Number of protein chains: 2
Amino acid sequence: MKSTIKDVAQKAGVSIATVSLAIHDHKRISPETKRKVQKAINELNYSPSKSARNLVSKKTGNIGFLLTDDHFLRTEPFYTRIFLGTEFEARTGEYYVLLNTVGTDYDECDKLPRFVLDKSVDGIIIAGKVPELLIDKLSRINLPLVFVDYIPSKNKYPLVLIDNIHGGSLATEHLIEKGHKNIAFIGGDINHPSIHDRFQGYKLSLEKAGITITDNLISLEEPYPARQNGYDAARRLIDNNKDITAIFACNDAMAIGAMHFLKDSGYKIPQDISVIGFDDVEADLLLDPPLTTIRVPKVELGAEAMRVMVDVLNNDNIAAKKILVPVELIERKSTGTA
Amino acid sequence: MKSTIKDVAQKAGVSIATVSLAIHDHKRISPETKRKVQKAINELNYSPSKSARNLVSKKTGNIGFLLTDDHFLRTEPFYTRIFLGTEFEARTGEYYVLLNTVGTDYDECDKLPRFVLDKSVDGIIIAGKVPELLIDKLSRINLPLVFVDYIPSKNKYPLVLIDNIHGGSLATEHLIEKGHKNIAFIGGDINHPSIHDRFQGYKLSLEKAGITITDNLISLEEPYPARQNGYDAARRLIDNNKDITAIFACNDAMAIGAMHFLKDSGYKIPQDISVIGFDDVEADLLLDPPLTTIRVPKVELGAEAMRVMVDVLNNDNIAAKKILVPVELIERKSTGTA
DNA sequence: ATAAGTAAGTTAAACGTTTAACTGATATTT
DNA sequence: AAATATCAGTTAAACGTTTAACTTACTTAT
């Protein structure tokens, strides 16, 4: 059943080295011999053993995909999509993707990811925020690292990022165009590079439009950008400032929370208050009204990260590049004229 | 940096065979030697090379996870969750999971999944409905197969299934307990084993409660269990029978559609009509009112499938078992008393 | 005619494990 | 006291590739 290189060699009447060289299209092998070998391969339905190859090449043919438990388990399939993207791209690059999650509470005693310990990967794509301690440890072993949707503090690795600043601007400009002036911003975990940048985009656009940036329009206290936090932030904001006519939430989860609060408080969306989110998660379409948001091409992010990884692997020491993946405004029904 | 068994042997002052045997806790090695070896292992931070192991054991340590493109890409992260479950369980079983999708239009000319071609997996978990032709081809190569959430036509493989009949009963009994008598059923693609069984559960519970099963309370025509179909089915049902006080939809997507129709027609949920779904997808919580449903433990389904696979792999030819994973009623706000 | 070069293979070592078969002590049985 | 069993380890082959170094037969240049 399972044929080896030996069987092919026998059938083709050549040595196993010739078969190997023929497979790799080595110039030392004549076209005719290559044909003979190819014929034998087809007849025997042979395909090389990965294990044997890996053993001698000291490569594994696998790329690790690392993220935190809560990112993978969270309701919105954000990182799942990114993972999917790496998987799609890996296919063309002849790689497999191995997934591993780590706790957010990673500490000194915790083990390294399984695929690192048993040397099952040639490189690691790290998605989203992961504990810096883990990054430290990982940077000590000699594996190529590529970050997607996160900027580690010691920034010497290739980065694949959402163009958050531009996205923040897009969202804000959309509201400005609709005639809004009192535009609130809801953030959570403002130290997170993505959220920080979206906030930058917000401020940039306001400045550009000549609108002064007002403190009581901005909520940055929430520690985490989740639904409930969006709800709480919206309440605080509205309590302090009745003039708000539009809210830009730093992500859809918070936008959804904010919408819940607004509905609970009897505000009509978008007649009384417009809401825009960021990410474009599936749930947005189910909302009433469906949420206007900034679409992040999640699958594309993952694919890009894998492309960078393959480059790094083939090209040994390529300069650590930084790729910004563009976003786009998706206008639905949650935003209207002021 | 990367230490091999040779280094460990040298450091411990024994042969490499001894190291290997010690690692596998072989009885021929004395406790004292084992300690020595362990010490050397720790000091060198050694861990065995998977490639080398795989080569000699002729195992890969990988399990394939196969499903169709559209199942993986569809909005509700149903199969994604199942995948996650296999991944979690794989961890304890020392396996890695390799994912591969196939088109629903798989035909004779299409290649087998990549991980089959290059012999990168020891077994395959197949999730959801996949083309029978592919199953045929796969059954010819000698890899263990485990199906999750699908029953292939030639049923000789281990199966991990949702307990759909019981779920159907749970849903129906919940409505009966609330005092409902005119309980409608909305199905789509009634030939699908899962939907068929949910319908069985419905009928069983009605019989048990002494309620006659009425044709104009049942909609089975819809070809596909999607939102729009739920909308259409609900309309037809209500048009034909104004006495309906409760609807059991065969899945959440159809339930969501039905709710939309009811709202559009001015019915209050649950005051006028109760609605219950099946699956418990994330969207349910966002609805107004949030949907009462039957929770399907998706992660658990995947974990169970992996457990079965590991059993099969360790135990060579275990009888093809069939595991029914239990479901539970999640009561939210879309069902009330008649 | 001889040396040098090239073309097309082949040989054999290496990759890092596992494991069957062997060895050489001790301990036990007869 | 000799034969046998047990214990604790070692030796060496095998797994299926890749690849540097070697071979052999032609070409071509001098």
# chains A, B, ... in the order shown; residues from 1 in each chain; ligands from 1
$ interface_residues --of "chain B" --to "chain C" --cutoff "12 Å" --atoms "only C-alpha atoms (C1' of nucleotides)" --output "list in words"
Lys2, Ser3, Thr4, Ile5, Lys6, Asp7, Ile16, Ala17, Thr18, Val19, Ser20, Leu21, Ile23, His24, His26, Ser47, Pro48, Ser49, Lys50, Ser51, Ala52, Arg53, Asn54, Leu55, Val56, Ser57 and Lys58 of chain B
$ residues_around --residues "B:Glu300" --least-positions-apart "3" --cutoff "8 Å" --atoms "only C-alpha atoms (C1' of nucleotides)" --output "NGL selection string"
:B and (82 or 85 or 297 or 303-304 or 325)
$ write_last_selection --atoms "N, CA, C and O atoms" --output "tab-separated table (two decimals), in the first residue's frame"
chain	number	residue	atom	x	y	z
B	82	ILE	N	-16.57	23.07	17.25
B	82	ILE	CA	-16.27	21.64	17.29
B	82	ILE	C	-14.78	21.43	17.06
B	82	ILE	O	-14.13	20.65	17.76
B	85	GLY	N	-12.92	22.05	20.10
B	85	GLY	CA	-13.04	20.93	21.02
B	85	GLY	C	-12.02	19.84	20.72
B	85	GLY	O	-11.37	19.31	21.62
B	297	PRO	N	-23.73	21.29	22.96
B	297	PRO	CA	-22.38	21.54	23.45
B	297	PRO	C	-21.37	21.28	22.36
B	297	PRO	O	-20.87	20.16	22.21
B	303	ALA	N	-14.50	17.47	21.34
B	303	ALA	CA	-13.65	16.77	22.30
B	303	ALA	C	-13.97	15.28	22.30
B	303	ALA	O	-13.08	14.43	22.30
B	304	GLU	N	-15.24	14.99	22.27
B	304	GLU	CA	-15.66	13.59	22.29
B	304	GLU	C	-15.16	12.86	21.04
B	304	GLU	O	-14.67	11.73	21.11
B	325	VAL	N	-24.25	12.89	22.40
B	325	VAL	CA	-23.88	13.94	23.35
B	325	VAL	C	-25.15	14.65	23.80
B	325	VAL	O	-25.95	15.08	22.98
$ residues_around --residues "A:Leu170" --least-positions-apart "4" --cutoff "7 Å" --atoms "only C-alpha atoms (C1' of nucleotides)" --output "ChimeraX atom specification"
/A:166,174,329
$ write_last_selection --atoms "N, CA, C and O atoms" --output "tab-separated table (two decimals), in the first residue's frame"
chain	number	residue	atom	x	y	z
A	166	HIS	N	-6.25	54.80	10.30
A	166	HIS	CA	-7.09	55.15	9.17
A	166	HIS	C	-8.54	54.75	9.42
A	166	HIS	O	-9.48	55.48	9.10
A	174	HIS	N	-17.04	59.69	8.80
A	174	HIS	CA	-18.39	59.31	8.41
A	174	HIS	C	-19.42	60.04	9.25
A	174	HIS	O	-20.40	60.59	8.74
A	329	LEU	N	-15.20	51.26	5.31
A	329	LEU	CA	-16.44	51.64	6.00
A	329	LEU	C	-17.59	50.81	5.46
A	329	LEU	O	-17.77	50.71	4.25
$ atom_distance --atom1 "atom CA of B:Ser15" --atom2 "atom C1' of D:DT10"
6.7 Å
$ interface_residues --of "chain B" --to "chain A" --cutoff "10 Å" --atoms "only C-alpha atoms" --output "mmCIF file with C-alpha atoms, in the first residue's frame"
data_model
loop_
_atom_site.group_PDB
_atom_site.id
_atom_site.type_symbol
_atom_site.label_atom_id
_atom_site.label_comp_id
_atom_site.auth_asym_id
_atom_site.auth_seq_id
_atom_site.Cartn_x
_atom_site.Cartn_y
_atom_site.Cartn_z
ATOM 1 C CA MET B 1 21.022 24.635 21.780
ATOM 2 C CA LYS B 2 18.896 21.786 20.542
ATOM 3 C CA ASN B 45 16.236 20.890 28.401
ATOM 4 C CA TYR B 46 15.912 17.941 26.079
ATOM 5 C CA SER B 47 12.750 16.887 24.373
ATOM 6 C CA PRO B 48 12.594 14.125 21.772
ATOM 7 C CA SER B 49 12.346 14.964 18.112
ATOM 8 C CA LYS B 50 8.904 14.285 16.780
ATOM 9 C CA SER B 51 10.189 13.669 13.287
ATOM 10 C CA ALA B 52 12.539 10.951 14.392
ATOM 11 C CA ARG B 53 9.872 9.350 16.527
ATOM 12 C CA ASN B 54 7.347 9.485 13.772
ATOM 13 C CA LEU B 55 9.747 8.010 11.311
ATOM 14 C CA VAL B 56 10.352 4.896 13.316
ATOM 15 C CA LYS B 58 5.233 5.198 11.406
ATOM 16 C CA LYS B 59 2.795 7.458 13.168
ATOM 17 C CA THR B 60 2.484 11.171 12.582
ATOM 18 C CA ASN B 62 -1.531 14.348 13.831
ATOM 19 C CA PHE B 72 -16.328 26.448 7.992
ATOM 20 C CA LEU B 73 -17.113 29.827 6.562
ATOM 21 C CA ARG B 74 -20.706 30.052 7.634
ATOM 22 C CA THR B 75 -21.765 32.793 9.963
ATOM 23 C CA GLU B 76 -22.532 30.805 13.079
ATOM 24 C CA PRO B 77 -19.302 29.459 14.542
ATOM 25 C CA THR B 80 -15.398 26.193 14.484
ATOM 26 C CA ARG B 81 -16.380 25.326 18.007
ATOM 27 C CA LEU B 84 -11.812 23.876 19.014
ATOM 28 C CA GLU B 87 -7.944 20.820 19.599
ATOM 29 C CA PHE B 88 -8.422 21.012 23.366
ATOM 30 C CA ARG B 91 -3.602 18.439 23.754
ATOM 31 C CA GLU B 94 -0.463 14.413 22.609
ATOM 32 C CA TYR B 96 -1.997 17.909 16.838
ATOM 33 C CA VAL B 97 -4.978 18.723 14.696
ATOM 34 C CA LEU B 98 -4.574 19.580 11.033
ATOM 35 C CA LEU B 99 -7.482 21.280 9.404
ATOM 36 C CA ASN B 100 -8.571 20.891 5.819
ATOM 37 C CA THR B 101 -11.695 21.988 4.017
ATOM 38 C CA ARG B 114 -3.558 17.406 1.410
ATOM 39 C CA PHE B 115 -2.900 15.715 4.735
ATOM 40 C CA LEU B 117 -1.750 12.732 0.228
ATOM 41 C CA ASP B 118 1.402 13.401 2.148
ATOM 42 C CA LYS B 119 0.507 11.000 4.923
ATOM 43 C CA SER B 120 0.505 13.621 7.610
ATOM 44 C CA ILE B 141 -7.198 4.230 2.089
ATOM 45 C CA ASN B 142 -6.597 2.680 5.425
ATOM 46 C CA ILE B 256 -34.838 33.798 14.202
ATOM 47 C CA VAL B 281 -25.834 30.058 18.640
ATOM 48 C CA GLU B 282 -24.317 33.264 19.898
ATOM 49 C CA ALA B 283 -26.829 35.426 18.068
ATOM 50 C CA ASP B 284 -29.639 34.160 20.288
ATOM 51 C CA LEU B 286 -28.800 39.518 20.855
ATOM 52 C CA LEU B 287 -32.379 38.948 19.829
ATOM 53 C CA ASP B 288 -35.281 40.748 21.380
#
